[in-house]
Structure formats: structure tokens, C-alpha cells
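Enquirer: Data: coords-v6.pdb, PDB, C-alpha atoms.
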```
ATOM      1  CA  MET A  10      97.322 129.961 110.419
ATOM      2  CA  SER A  11      93.868 128.742 109.420
ATOM      3  CA  LEU A  12      95.362 125.425 108.280
ATOM      4  CA  ALA A  13      97.161 124.993 111.605
ATOM      5  CA  LEU A  14      93.927 125.740 113.450
ATOM      6  CA  GLY A  15      92.102 123.207 111.293
ATOM      7  CA  ILE A  16      94.706 120.503 111.944
ATOM      8  CA  VAL A  17      94.534 121.090 115.703
ATOM      9  CA  ALA A  18      90.728 121.060 115.667
ATOM     10  CA  LEU A  19      90.522 117.809 113.718
ATOM     11  CA  GLY A  20      93.376 116.187 115.589
ATOM     12  CA  GLU A  21      92.376 117.027 119.150
ATOM     13  CA  ARG A  22      88.625 116.862 118.540
ATOM     14  CA  GLY A  23      86.602 117.453 121.716
ATOM     15  CA  PRO A  24      85.694 121.146 122.063
ATOM     16  CA  PHE A  25      88.381 122.019 119.502
ATOM     17  CA  ILE A  26      86.228 120.553 116.741
ATOM     18  CA  TYR A  27      84.000 123.644 116.926
ATOM     19  CA  LEU A  28      86.938 125.737 115.723
ATOM     20  CA  PHE A  29      87.230 123.821 112.467
ATOM     21  CA  PRO A  30      84.383 125.616 110.619
ATOM     22  CA  VAL A  31      86.220 128.885 111.271
ATOM     23  CA  ALA A  32      89.460 127.429 109.902
ATOM     24  CA  PHE A  33      87.639 126.023 106.886
ATOM     25  CA  ILE A  34      85.972 129.338 106.026
ATOM     26  CA  VAL A  35      89.241 131.229 106.414
ATOM     27  CA  ALA A  36      91.129 128.701 104.267
ATOM     28  CA  PHE A  37      88.833 128.899 101.235
ATOM     29  CA  SER A  38      87.973 132.616 101.385
ATOM     30  CA  PHE A  39      90.918 134.609 102.744
ATOM     31  CA  PRO A  40      93.412 134.077  99.875
ATOM     32  CA  GLY A  41      90.978 135.654  97.413
ATOM     33  CA  LEU A  42      89.901 138.432  99.773
ATOM     34  CA  ILE A  43      93.517 139.283 100.551
ATOM     35  CA  TRP A  44      94.259 139.694  96.843
ATOM     36  CA  VAL A  45      91.273 141.998  96.309
ATOM     37  CA  SER A  46      92.181 143.983  99.424
ATOM     38  CA  TYR A  47      95.812 144.326  98.327
ATOM     39  CA  ILE A  48      94.972 145.643  94.857
ATOM     40  CA  TYR A  49      92.224 147.883  96.256
ATOM     41  CA  SER A  50      94.781 149.467  98.601
ATOM     42  CA  ARG A  51      97.176 150.247  95.736
ATOM     43  CA  THR A  52      95.002 153.006  94.312
ATOM     44  CA  ILE A  53      96.603 156.385  93.678
ATOM     45  CA  THR A  54      93.457 158.472  93.423
ATOM     46  CA  SER A  55      90.299 158.134  95.521
ATOM     47  CA  PRO A  56      89.349 154.470  96.171
ATOM     48  CA  GLU A  57      86.770 152.785  93.977
ATOM     49  CA  PRO A  58      83.277 152.337  95.486
ATOM     50  CA  GLN A  59      83.360 149.217  97.648
ATOM     51  CA  ARG A  60      79.826 148.384  96.555
ATOM     52  CA  LEU A  61      80.959 147.977  92.945
ATOM     53  CA  VAL A  62      83.953 145.860  93.931
ATOM     54  CA  LEU A  63      81.573 143.605  95.861
ATOM     55  CA  ILE A  64      79.303 143.373  92.802
ATOM     56  CA  ALA A  65      82.241 142.140  90.715
ATOM     57  CA  LEU A  66      83.180 139.694  93.483
ATOM     58  CA  ALA A  67      79.584 138.453  93.722
ATOM     59  CA  TRP A  68      79.403 137.872  89.972
ATOM     60  CA  GLY A  69      82.562 135.777  90.161
ATOM     61  CA  MET A  70      80.898 133.643  92.837
ATOM     62  CA  PHE A  71      77.703 133.260  90.828
ATOM     63  CA  SER A  72      79.568 132.414  87.609
ATOM     64  CA  THR A  73      80.655 129.088  89.106
ATOM     65  CA  LEU A  74      77.075 127.855  88.561
ATOM     66  CA  PRO A  75      76.823 128.326  84.770
ATOM     67  CA  ALA A  76      80.472 127.272  84.480
ATOM     68  CA  SER A  77      79.687 124.010  86.259
ATOM     69  CA  LEU A  78      76.680 123.358  84.027
ATOM     70  CA  LEU A  79      78.599 124.067  80.813
ATOM     71  CA  ASN A  80      81.588 122.012  81.938
ATOM     72  CA  ASP A  81      79.268 119.121  82.725
ATOM     73  CA  MET A  82      77.646 119.477  79.302
ATOM     74  CA  GLY A  83      81.079 119.430  77.682
ATOM     75  CA  ALA A  84      82.043 116.353  79.678
ATOM     76  CA  ARG A  85      78.969 114.518  78.403
ATOM     77  CA  ILE A  86      79.630 115.503  74.791
ATOM     78  CA  ILE A  87      83.212 114.204  74.779
ATOM     79  CA  ASP A  88      82.317 111.187  76.949
ATOM     80  CA  VAL A  89      84.436 111.917  80.010
ATOM     81  CA  ASP A  90      84.806 109.264  82.708
ATOM     82  CA  GLN A  91      83.818 111.068  85.914
ATOM     83  CA  ASN A  92      85.609 108.462  88.021
ATOM     84  CA  ALA A  93      88.850 109.308  86.226
ATOM     85  CA  LEU A  94      88.475 112.927  87.308
ATOM     86  CA  LEU A  95      88.277 111.691  90.889
ATOM     87  CA  GLY A  96      91.435 109.628  90.514
ATOM     88  CA  ASN A  97      89.593 106.292  90.430
ATOM     89  CA  GLY A  98      89.924 105.493  86.736
ATOM     90  CA  THR A  99      92.110 105.888  83.685
ATOM     91  CA  PHE A 100      92.750 109.543  82.923
ATOM     92  CA  GLY A 101      92.787 109.707  79.128
ATOM     93  CA  ARG A 102      92.333 112.065  76.207
ATOM     94  CA  PRO A 103      88.677 113.054  76.882
ATOM     95  CA  GLU A 104      89.524 113.993  80.457
ATOM     96  CA  LEU A 105      92.567 115.983  79.338
ATOM     97  CA  ILE A 106      90.487 117.847  76.739
ATOM     98  CA  LEU A 107      87.910 118.700  79.395
ATOM     99  CA  VAL A 108      90.319 120.132  81.966
ATOM    100  CA  SER A 109      92.822 121.777  79.629
ATOM    101  CA  LEU A 110      90.521 123.088  76.882
ATOM    102  CA  VAL A 111      86.788 123.003  77.669
ATOM    103  CA  ALA A 112      86.998 124.261  81.262
ATOM    104  CA  PRO A 113      89.423 127.119  80.475
ATOM    105  CA  LEU A 114      87.331 128.261  77.496
ATOM    106  CA  VAL A 115      84.157 128.257  79.604
ATOM    107  CA  GLU A 116      85.508 129.720  82.830
ATOM    108  CA  GLU A 117      87.672 132.437  81.291
ATOM    109  CA  LEU A 118      84.629 133.582  79.318
ATOM    110  CA  LEU A 119      82.192 133.639  82.234
ATOM    111  CA  LYS A 120      84.351 135.189  84.965
ATOM    112  CA  PRO A 121      84.926 138.602  83.330
ATOM    113  CA  ILE A 122      81.270 139.022  82.318
ATOM    114  CA  GLY A 123      80.940 140.697  85.722
ATOM    115  CA  LEU A 124      82.866 143.634  84.257
ATOM    116  CA  ILE A 125      79.686 144.579  82.382
ATOM    117  CA  PHE A 126      78.196 145.785  85.682
ATOM    118  CA  VAL A 127      81.095 148.206  86.245
ATOM    119  CA  MET A 128      81.891 149.112  82.634
ATOM    120  CA  LYS A 129      81.533 152.846  83.296
ATOM    121  CA  ARG A 130      84.204 152.604  86.015
ATOM    122  CA  LEU A 131      86.829 151.083  83.720
ATOM    123  CA  LYS A 132      88.478 154.391  82.867
ATOM    124  CA  THR A 133      92.080 153.459  83.689
ATOM    125  CA  PRO A 134      93.985 150.148  83.446
ATOM    126  CA  TYR A 135      94.290 150.056  87.260
ATOM    127  CA  GLU A 136      90.508 149.987  87.586
ATOM    128  CA  GLY A 137      90.352 147.248  84.963
ATOM    129  CA  VAL A 138      92.805 145.138  86.960
ATOM    130  CA  LEU A 139      90.967 145.750  90.244
ATOM    131  CA  TYR A 140      87.524 144.752  88.990
ATOM    132  CA  GLY A 141      88.921 141.893  86.908
ATOM    133  CA  VAL A 142      90.718 140.437  89.913
ATOM    134  CA  ALA A 143      87.539 140.821  91.989
ATOM    135  CA  CYS A 144      85.618 138.739  89.423
ATOM    136  CA  GLY A 145      88.324 136.079  89.421
ATOM    137  CA  MET A 146      88.600 135.938  93.199
ATOM    138  CA  GLY A 147      84.862 135.464  93.593
ATOM    139  CA  PHE A 148      85.063 132.453  91.288
ATOM    140  CA  ALA A 149      88.137 131.116  93.102
ATOM    141  CA  MET A 150      86.474 131.353  96.515
ATOM    142  CA  ILE A 151      83.484 129.209  95.545
ATOM    143  CA  GLU A 152      85.657 126.746  93.637
ATOM    144  CA  ASN A 153      87.961 126.464  96.670
ATOM    145  CA  LEU A 154      84.935 125.859  98.891
ATOM    146  CA  LEU A 155      83.634 123.024  96.709
ATOM    147  CA  TYR A 156      86.983 121.329  96.135
ATOM    148  CA  GLU A 157      88.083 121.575  99.759
ATOM    149  CA  LEU A 158      84.749 120.261 101.021
ATOM    150  CA  PHE A 159      84.985 117.311  98.631
ATOM    151  CA  ILE A 160      88.587 116.551  99.667
ATOM    152  CA  LEU A 161      87.724 116.791 103.360
ATOM    153  CA  ILE A 162      84.759 114.411 103.083
ATOM    154  CA  TRP A 163      86.429 111.777 100.912
ATOM    155  CA  TYR A 164      90.104 111.959 101.843
ATOM    156  CA  GLY A 165      90.293 113.401 105.355
ATOM    157  CA  SER A 166      91.992 116.255 107.167
ATOM    158  CA  GLU A 167      95.568 115.657 105.969
ATOM    159  CA  ALA A 168      94.552 115.776 102.311
ATOM    160  CA  TRP A 169      92.402 118.834 103.048
ATOM    161  CA  THR A 170      95.379 120.645 104.563
ATOM    162  CA  ILE A 171      97.574 120.013 101.520
ATOM    163  CA  ASN A 172      94.794 120.884  99.079
ATOM    164  CA  ALA A 173      93.802 124.078 100.891
ATOM    165  CA  PHE A 174      97.410 125.258 100.991
ATOM    166  CA  ALA A 175      98.012 124.445  97.315
ATOM    167  CA  ARG A 176      94.815 126.134  96.172
ATOM    168  CA  GLY A 177      95.420 129.140  98.395
ATOM    169  CA  ILE A 178      98.785 129.978  96.844
ATOM    170  CA  GLY A 179      98.236 128.429  93.413
ATOM    171  CA  SER A 180      94.917 128.197  91.633
ATOM    172  CA  THR A 181      93.546 131.233  93.482
ATOM    173  CA  VAL A 182      96.170 133.404  91.795
ATOM    174  CA  LEU A 183      95.551 131.668  88.463
ATOM    175  CA  HIS A 184      91.880 132.663  88.506
ATOM    176  CA  ALA A 185      92.887 136.326  88.733
ATOM    177  CA  VAL A 186      94.991 136.297  85.561
ATOM    178  CA  GLY A 187      92.356 136.026  82.820
ATOM    179  CA  PRO A 188      89.783 138.505  84.206
ATOM    180  CA  ALA A 189      92.556 140.950  85.168
ATOM    181  CA  ALA A 190      93.958 140.816  81.628
ATOM    182  CA  ILE A 191      90.513 141.408  80.110
ATOM    183  CA  GLY A 192      89.751 144.223  82.556
ATOM    184  CA  TYR A 193      93.090 145.816  81.716
ATOM    185  CA  GLY A 194      92.402 145.457  77.990
ATOM    186  CA  ILE A 195      88.907 146.960  78.214
ATOM    187  CA  ALA A 196      90.107 149.908  80.307
ATOM    188  CA  LEU A 197      93.016 150.502  77.941
ATOM    189  CA  SER A 198      90.614 150.473  74.994
ATOM    190  CA  ASN A 199      88.364 152.988  76.755
ATOM    191  CA  GLN A 200      91.248 155.263  77.632
ATOM    192  CA  MET A 201      92.765 155.188  74.150
ATOM    193  CA  GLU A 202      89.316 155.347  72.516
ATOM    194  CA  LYS A 203      89.898 152.086  70.680
ATOM    195  CA  PRO A 204      87.270 149.381  69.980
ATOM    196  CA  LEU A 205      86.976 146.687  72.660
ATOM    197  CA  THR A 206      87.810 144.072  70.044
ATOM    198  CA  LYS A 207      91.370 145.401  69.849
ATOM    199  CA  TYR A 208      92.618 144.057  73.203
ATOM    200  CA  ALA A 209      89.872 141.954  74.851
ATOM    201  CA  PRO A 210      90.146 138.882  72.545
ATOM    202  CA  ILE A 211      93.926 138.749  73.030
ATOM    203  CA  ALA A 212      93.461 138.980  76.802
ATOM    204  CA  TYR A 213      90.845 136.197  76.699
ATOM    205  CA  ILE A 214      93.115 133.882  74.702
ATOM    206  CA  PHE A 215      95.969 134.611  77.119
ATOM    207  CA  GLY A 216      93.779 133.659  80.087
ATOM    208  CA  VAL A 217      92.627 130.447  78.378
ATOM    209  CA  VAL A 218      96.208 129.422  77.548
ATOM    210  CA  MET A 219      97.447 130.038  81.101
ATOM    211  CA  HIS A 220      94.470 128.181  82.586
ATOM    212  CA  GLY A 221      94.827 125.285  80.152
ATOM    213  CA  LEU A 222      98.554 124.936  80.861
ATOM    214  CA  TRP A 223      97.915 124.953  84.598
ATOM    215  CA  ASN A 224      95.290 122.201  84.416
ATOM    216  CA  ALA A 225      97.347 120.098  82.008
ATOM    217  CA  ILE A 226     100.395 120.302  84.278
ATOM    218  CA  ALA A 227      98.313 119.564  87.390
ATOM    219  CA  THR A 228      96.898 116.381  85.825
ATOM    220  CA  MET A 229     100.266 115.188  84.522
ATOM    221  CA  PRO A 230     100.725 112.647  87.372
ATOM    222  CA  LEU A 231      97.352 111.100  86.469
ATOM    223  CA  MET A 232      98.468 110.403  82.905
ATOM    224  CA  LEU A 233     102.134 109.523  83.370
ATOM    225  CA  GLU A 234     103.329 106.850  85.769
ATOM    226  CA  GLY A 235     106.154 107.316  88.224
ATOM    227  CA  LYS A 236     107.048 109.647  91.079
ATOM    228  CA  THR A 237     109.299 111.645  88.783
ATOM    229  CA  TRP A 238     106.307 113.080  86.938
ATOM    230  CA  GLU A 239     104.770 114.188  90.228
ATOM    231  CA  TYR A 240     107.886 116.180  91.064
ATOM    232  CA  VAL A 241     108.007 117.610  87.541
ATOM    233  CA  SER A 242     104.359 118.633  87.884
ATOM    234  CA  TYR A 243     104.976 120.343  91.238
ATOM    235  CA  ALA A 244     107.999 122.203  89.866
ATOM    236  CA  LEU A 245     106.121 123.408  86.791
ATOM    237  CA  LEU A 246     103.134 124.488  88.890
ATOM    238  CA  ALA A 247     105.473 126.479  91.127
ATOM    239  CA  LEU A 248     106.855 128.152  88.004
ATOM    240  CA  MET A 249     103.307 128.906  86.840
ATOM    241  CA  VAL A 250     102.521 130.533  90.202
ATOM    242  CA  ILE A 251     105.572 132.775  89.807
ATOM    243  CA  LEU A 252     104.528 133.703  86.261
ATOM    244  CA  CYS A 253     100.971 134.504  87.394
ATOM    245  CA  LEU A 254     102.227 136.653  90.268
ATOM    246  CA  PHE A 255     104.660 138.431  87.957
ATOM    247  CA  PHE A 256     101.893 139.140  85.456
ATOM    248  CA  ILE A 257      99.462 140.525  88.045
ATOM    249  CA  VAL A 258     102.129 142.720  89.647
ATOM    250  CA  LYS A 259     103.321 144.029  86.269
ATOM    251  CA  ILE A 260      99.908 144.973  84.867
ATOM    252  CA  LEU A 261      99.103 146.573  88.220
ATOM    253  CA  GLU A 262     102.280 148.654  87.900
ATOM    254  CA  TYR A 263     101.411 149.598  84.322
ATOM    255  CA  GLY A 264      97.929 150.538  85.460
ATOM    256  CA  LYS A 265      99.330 152.820  88.155
ATOM    257  CA  GLU A 266     101.760 154.370  85.659
ATOM    258  CA  TYR A 267      98.866 155.210  83.329
ATOM    259  CA  THR A 268      97.017 156.780  86.243
ATOM    260  CA  ASN A 269     100.074 158.858  87.157
ATOM    261  CA  MET A 270     100.433 160.005  83.552
ATOM    262  CA  GLU A 271      96.769 160.975  83.479
ATOM    263  CA  LEU A 272      97.125 162.969  86.711
ATOM    264  CA  GLU A 273     100.237 164.752  85.427
ATOM    265  CA  THR A 274      98.468 165.604  82.172
ATOM    266  CA  GLN A 275      95.485 166.924  84.098
ATOM    267  CA  LYS A 276      97.728 169.093  86.310
ATOM    268  CA  PHE A 277      99.551 170.435  83.262
ATOM    269  CA  GLU A 278      96.290 171.332  81.518
ATOM    270  CA  GLU A 279      94.991 173.049  84.660
ATOM    271  CA  ALA A 280      98.232 175.008  85.046
ATOM    272  CA  LEU A 281      98.152 175.979  81.370
ATOM    273  CA  GLU A 282      94.543 177.108  81.628
ATOM    274  CA  GLU A 283      95.327 179.129  84.757
ATOM    275  CA  ALA A 284      98.299 180.790  83.056
ATOM    276  CA  THR A 285      96.183 181.590  80.003
ATOM    277  CA  ASN A 286      93.411 183.109  82.118
ATOM    278  CA  SER A 287      95.843 185.187  84.185
ATOM    279  CA  GLY A 288      97.449 186.455  80.972
ATOM    280  CA  HIS A 289      94.141 187.930  79.924
TER     281      HIS A 289
END
```
Is it possible to give me this structure as C-alpha cells?
Expert:
Amino acid sequence: MSLALGIVALGERGPFIYLFPVAFIVAFSFPGLIWVSYIYSRTITSPEPQRLVLIALAWGMFSTLPASLLNDMGARIIDVDQNALLGNGTFGRPELILVSLVAPLVEELLKPIGLIFVMKRLKTPYEGVLYGVACGMGFAMIENLLYELFILIWYGSEAWTINAFARGIGSTVLHAVGPAAIGYGIALSNQMEKPLTKYAPIAYIFGVVMHGLWNAIATMPLMLEGKTWEYVSYALLALMVILCLFFIVKILEYGKEYTNMELETQKFEEALEEATNSGH
């Protein structure tokens, strides 16, 4: 809907042009907010404090700054051609290393740092998924803002429409995967009284691999000539979206199952205690 409003505003111009900022804001922010809202609504017990969810979301937004600085530092070290990243040069090995290795390592490390602020709340896997997704969605919102603004300025409204749609259903979901996995792992460690090093590193590596695959597939048309590779890239990205959605839904289900088990155990212990007391 926001994309349609944006197209009308840019196409008709006149007074309609004043509607475009609304469409732009909705396009870059709503996909992430909808995801956070959806997972927040899936709680079984009392909802988590909204203030803490907003803190995780805010950290995700802020983390785009150090991520940008570290990515830029990495680009300088491996001698990346910035024009190639913009599609105006030869996309080679340094550029591929940056987008498929350096950026995933940096971003998947920084996004879940926001979980530190809510560590005491990570008592069940569901809570780990919720706060992890909030961190990822904050990052995705700012990244969407920057990319969509760049596309709009340099390539126009048609390119903006395509980019906003693709990022809304694609990379936004991708940014939830790594932090959600780490949040799930930390909460599981807390619940099972295991060290954080048992699950968190595996979750981090999983997020890096998924992110790296996504970026490598997305840049495939820049490295390989021919329309065929574009179609292959689109098909593989669609598959990645499905895998990301499947992963988020599954760990959310597992998180809810753990919560249900905890509630049943608590009820059983209360009933047992009541029976014991009445017996005396």
C-alpha cells in the first residue's frame, strides 16, 4: 500500500507529492515493526515490557553506525572499489569478500549486542527470539532507510519501488535470523543452566553463513554476465526468504513449547505442594 501511494505521489506530483514522505517512512519502517509486533503478540504468559523491546530495537538502529565504520575499514584494508559496489565498475574478489564475509561477520556480531541490555529477561527461548528479532529489525529499518534513500536519489521512483518491495520481504527478514538465533541460544543456556559458550557461537556462525549466502547470491548478477544469472539469483533469494521465514517460525514455536512446558511444570509443582500441605 505504501509503495502504491509512493508511486501515485511521484507520478502525479502536484499536491500528491506531499504524500510521498509518508509512503517512504512506511516502506522502510513497517516491515520491521510488523515483525516485532507479530512476535510480541505470540506470547503465552504476560507480555514483555514494551520499554525493553524498544531498547533492543533502538540498539539495532544504533548498531548500523559502528557496522558502517567497520565495514568501511574492512573495505579499505582489502582495497574494495566503491564504484563497483554501486554497479559502476567491475565487481571482483575484494568486493565479494566484503559483502559475503566482512559485512556478515561485523553485522551479525553487532546486532545482538543489544541483548546485553535485556539479559535478565532472557529466561525462555521465546523471550530470546523476541528481543533478538527486535535488535535485528532495528538494524534493518535504518539500513532500509539508507539504501532506499540512495536508490531514490540516484535511480528514481521506479527503482525505489522495486528496491523497497524487495527489501521489505527479503533482507528485512534476513536481519532477524542471526540475532533471533543468538537470543534463542542465550535463553536456552540460561534455562538449562549451561554456559553461554555452548549455543551462542553456533548461533553466531549460523547467522553469518545465512547473511553471507544472501549477499553472495544477491551480487551474482554483478559478477556473472547474462540474464540467466539474474533469474537464478532471484530464484535463490526467494528460496532464502522461505528458509529464513521457516527458521523464525520454527524457533518461535520451539520457544512457545518451552514456555508451555515450564508452565505445566510449575502447575504440577504447585498442585503437588498443595496436596502435600493438605495431607498434613
Enquirer: Could you pull the residues within 6 Å of stretch 180-195 of chain A, counting all atoms listed in the file, minus those fewer than 3 positions along the same chain, as a ChimeraX atom specification?
Expert: /A:121,134,137-138,141-142,145,149,176-177,198,205,208-209,212,216
Enquirer: Taking the file as I've supplied it (selection: the PyMOL selection byres ((chain A and resi 148) around 12)), which residues are included? Please answer as an MDAnalysis selection string.
Expert: chainID A and resid 37:38 41:42 65:77 116:117 119:123 141:147 149:155 180:185 187:188
Enquirer: List the spatial neighbours of stretch 167-170 of chain A as a PyMOL selection string - criterion: any atom at most 7 Å away, only C-alpha atoms, same-chain residues fewer than 4 positions off excluded.
Expert: chain A and resi 12+157+160-161+174
Enquirer: Work out how far atom CA of A:Ala175 is from atom CA of A:His220, in Å to one decimal.
Expert: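 Interatomic distance, atom CA of A:His220 to atom CA of A:Ala175: 15.6 Å.
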Enquirer: Point out the residue among A:Phe126, A:Val108, A:Tyr47, A:Ile87 with the least atom-to-atom distance to A:Arg60, counting all atoms listed in the file.
Expert: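 The closest residue to A:Arg60 is A:Phe126.
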Enquirer: Please measure the separation of atom CA of A:Phe100 and atom CA of A:Tyr243, giving the value in Å to one decimal.
Expert: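 Value for the atom CA of A:Phe100-atom CA of A:Tyr243 distance: 18.3 Å.
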Enquirer: Go ahead and compute the interatomic distance for atom CA of A:Thr237 and atom CA of A:Leu107, in Å to one decimal.
Expert: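 These atoms are spaced 24.4 Å apart.
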Enquirer: Excluding same-chain residues fewer than 5 positions from A:Asn92, what lies within 12 Å of it counting only C-alpha atoms, as a PyMOL selection string?
Expert: chain A and resi 97-101+104
Enquirer: Nearest residue to A:Leu105 out of A:Ala36, A:Ile43, A:Ala93, A:Val31, using all atoms listed in the file?
Expert: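 Distance minimum relative to A:Leu105 lands on A:Ala93.
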Enquirer: Taking the block above, write stretch 126-165 of chain A with C-alpha atoms as a tab-separated table (two decimals), in the first residue's frame.
Expert:
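Full text of decode.tsv as output:
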```
chain	number	residue	atom	x	y	z
A	126	PHE	CA	20.57	-4.66	27.98
A	127	VAL	CA	17.81	-7.25	28.47
A	128	MET	CA	19.91	-10.23	29.60
A	129	LYS	CA	17.87	-10.69	32.79
A	130	ARG	CA	14.70	-11.06	30.69
A	131	LEU	CA	16.06	-13.92	28.59
A	132	LYS	CA	14.55	-16.66	30.74
A	133	THR	CA	12.78	-18.62	28.00
A	134	PRO	CA	13.63	-19.21	24.31
A	135	TYR	CA	10.55	-17.20	23.29
A	136	GLU	CA	11.94	-14.13	25.03
A	137	GLY	CA	15.29	-14.71	23.35
A	138	VAL	CA	13.61	-14.77	19.94
A	139	LEU	CA	11.54	-11.66	20.68
A	140	TYR	CA	14.44	-9.48	21.80
A	141	GLY	CA	16.76	-10.89	19.14
A	142	VAL	CA	14.28	-10.07	16.39
A	143	ALA	CA	13.83	-6.57	17.85
A	144	CYS	CA	17.60	-5.99	17.59
A	145	GLY	CA	17.63	-7.24	14.00
A	146	MET	CA	14.60	-5.21	12.96
A	147	GLY	CA	16.10	-2.01	14.33
A	148	PHE	CA	19.17	-2.60	12.17
A	149	ALA	CA	17.03	-3.47	9.14
A	150	MET	CA	14.95	-0.30	9.45
A	151	ILE	CA	17.95	2.04	9.33
A	152	GLU	CA	19.62	0.03	6.57
A	153	ASN	CA	16.37	0.14	4.56
A	154	LEU	CA	16.19	3.90	5.08
A	155	LEU	CA	19.73	4.46	3.79
A	156	TYR	CA	19.50	2.11	0.83
A	157	GLU	CA	16.07	3.31	-0.27
A	158	LEU	CA	17.09	6.96	0.01
A	159	PHE	CA	20.18	6.27	-2.10
A	160	ILE	CA	18.17	4.38	-4.74
A	161	LEU	CA	15.53	7.11	-4.88
A	162	ILE	CA	18.07	9.90	-5.36
A	163	TRP	CA	20.24	8.17	-7.95
A	164	TYR	CA	17.86	5.87	-9.81
A	165	GLY	CA	14.37	7.34	-9.43
```
